[in-house]
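Trainee: Handing you a structure now.
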Amino acid sequence: MHIPDGTLSIEGIQAYCDLYEQKIVDFGGLDIQLLGIGRTGHIGFNEPGAVSDSRTRLVTLNDITREDAKDDFGGKEKVPTQAITMGVQTITQAKEVILMALSSRKAEIIKKALEGEVSADIPATFLQRLSNVEYILDSEAASLLSK
């Protein structure tokens, strides 16, 4: 299991991201990519506007994402405004992708992600193009799906 290091100095981030991508190649690619989904439709921290060919990089977190994380950080003011994330292309090249969502809070975005038009406005929609993706949803998260 390898996740990006969020404790780097700003000067070292681009070199780190390049090395992270190279390590994935050196290991023969990602076997499994386990994802959650944010209420913005982000996967990883690929917030709305992320493009399908993006790679590991520094991103600015959406205000909704920061609001949702406030309890984990002891208040919104302590939530970072930026994060390192694998890009959409990095994620979607995994041999298997699993997206998990639980609770009614995720129902609206799950409907958009699985049944909406593929768009950078909801990066999770890029997963619709994959044949190797599995969605694990509880009944509340799946409650608005028509299929």
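Residues in the structure tokens are numbered from 1 in each chain, the chains being A, B, ... in the order shown, and ligands are numbered from 1 in the order shown.
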Residues near Ile32 (chain A), anyone? I mean within 7 Å using only C-alpha atoms, not counting same-chain ones fewer than 2 positions away, as number ranges by chain.

Mentor: A: 30, 34, 94-97

Trainee: If you run DSSP on this backbone, which residues of chain A come out as strand (DSSP E or B), and could you give them as number ranges by chain?

Mentor: A: 32-35, 43, 46, 57-60, 82-85, 96-101, 119, 122, 133-137

Trainee: Just how far from CA of Gly49 (chain A) is CA of Thr92 (chain A), in Å to one decimal?

Mentor: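 Computing the Euclidean distance for CA of Thr92 (chain A) and CA of Gly49 (chain A) yields 16.4 Å.
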
Trainee: Do a neighbour search on Thr90 (chain A) at 12 Å with only C-alpha atoms, toss out local chain neighbours closer than 2 positions, and write the hits as a compact mmCIF listing (two decimals) with C-alpha atoms, in the first residue's frame.

Mentor:
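Saved as result.txt:
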```txt
# COMPACT_ATOMS: atom_id res chain seq x y z
CA CYS A 17 5.13 13.36 -7.69
CA ASP A 18 7.34 12.43 -10.65
CA TYR A 20 5.78 8.47 -7.26
CA GLU A 21 4.59 7.94 -10.84
CA GLN A 22 7.88 6.26 -11.76
CA LYS A 23 7.60 3.90 -8.78
CA ILE A 24 4.17 2.81 -10.01
CA VAL A 25 5.70 1.98 -13.40
CA GLY A 29 1.42 -0.74 -12.27
CA LEU A 30 -1.28 -0.64 -9.64
CA ASP A 31 -3.05 -3.91 -8.90
CA ILE A 32 -5.96 -2.50 -6.92
CA GLN A 33 -7.12 1.08 -6.51
CA ILE A 43 -11.87 10.47 -6.44
CA GLY A 44 -8.55 10.68 -4.70
CA ASN A 46 -9.30 14.97 -8.07
CA VAL A 51 -8.95 16.12 -16.41
CA SER A 52 -8.89 12.46 -17.38
CA ASP A 53 -5.18 12.46 -18.27
CA SER A 54 -4.00 13.96 -14.96
CA ARG A 55 -1.14 12.40 -13.01
CA THR A 56 0.03 12.63 -9.38
CA ARG A 57 0.20 16.30 -8.43
CA THR A 85 -3.31 13.19 -5.16
CA MET A 86 -2.89 10.49 -7.75
CA GLY A 87 -4.32 11.81 -10.98
CA VAL A 88 -7.35 10.40 -12.75
CA THR A 92 -7.88 4.50 -13.91
CA GLN A 93 -4.85 2.55 -15.13
CA ALA A 94 -5.07 0.21 -12.14
CA LYS A 95 -5.81 -3.42 -12.94
CA VAL A 97 -10.72 -0.23 -9.31
```

Trainee: For each of A:Gly116, A:Ala101, A:Thr60, A:Asp68, take the minimum atom-to-atom distance to Thr81 (chain A), counting only C-alpha atoms, then give the residue where this is smallest.

Mentor: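 Ranked by minimum distance to Thr81 (chain A), first place goes to A:Thr60.
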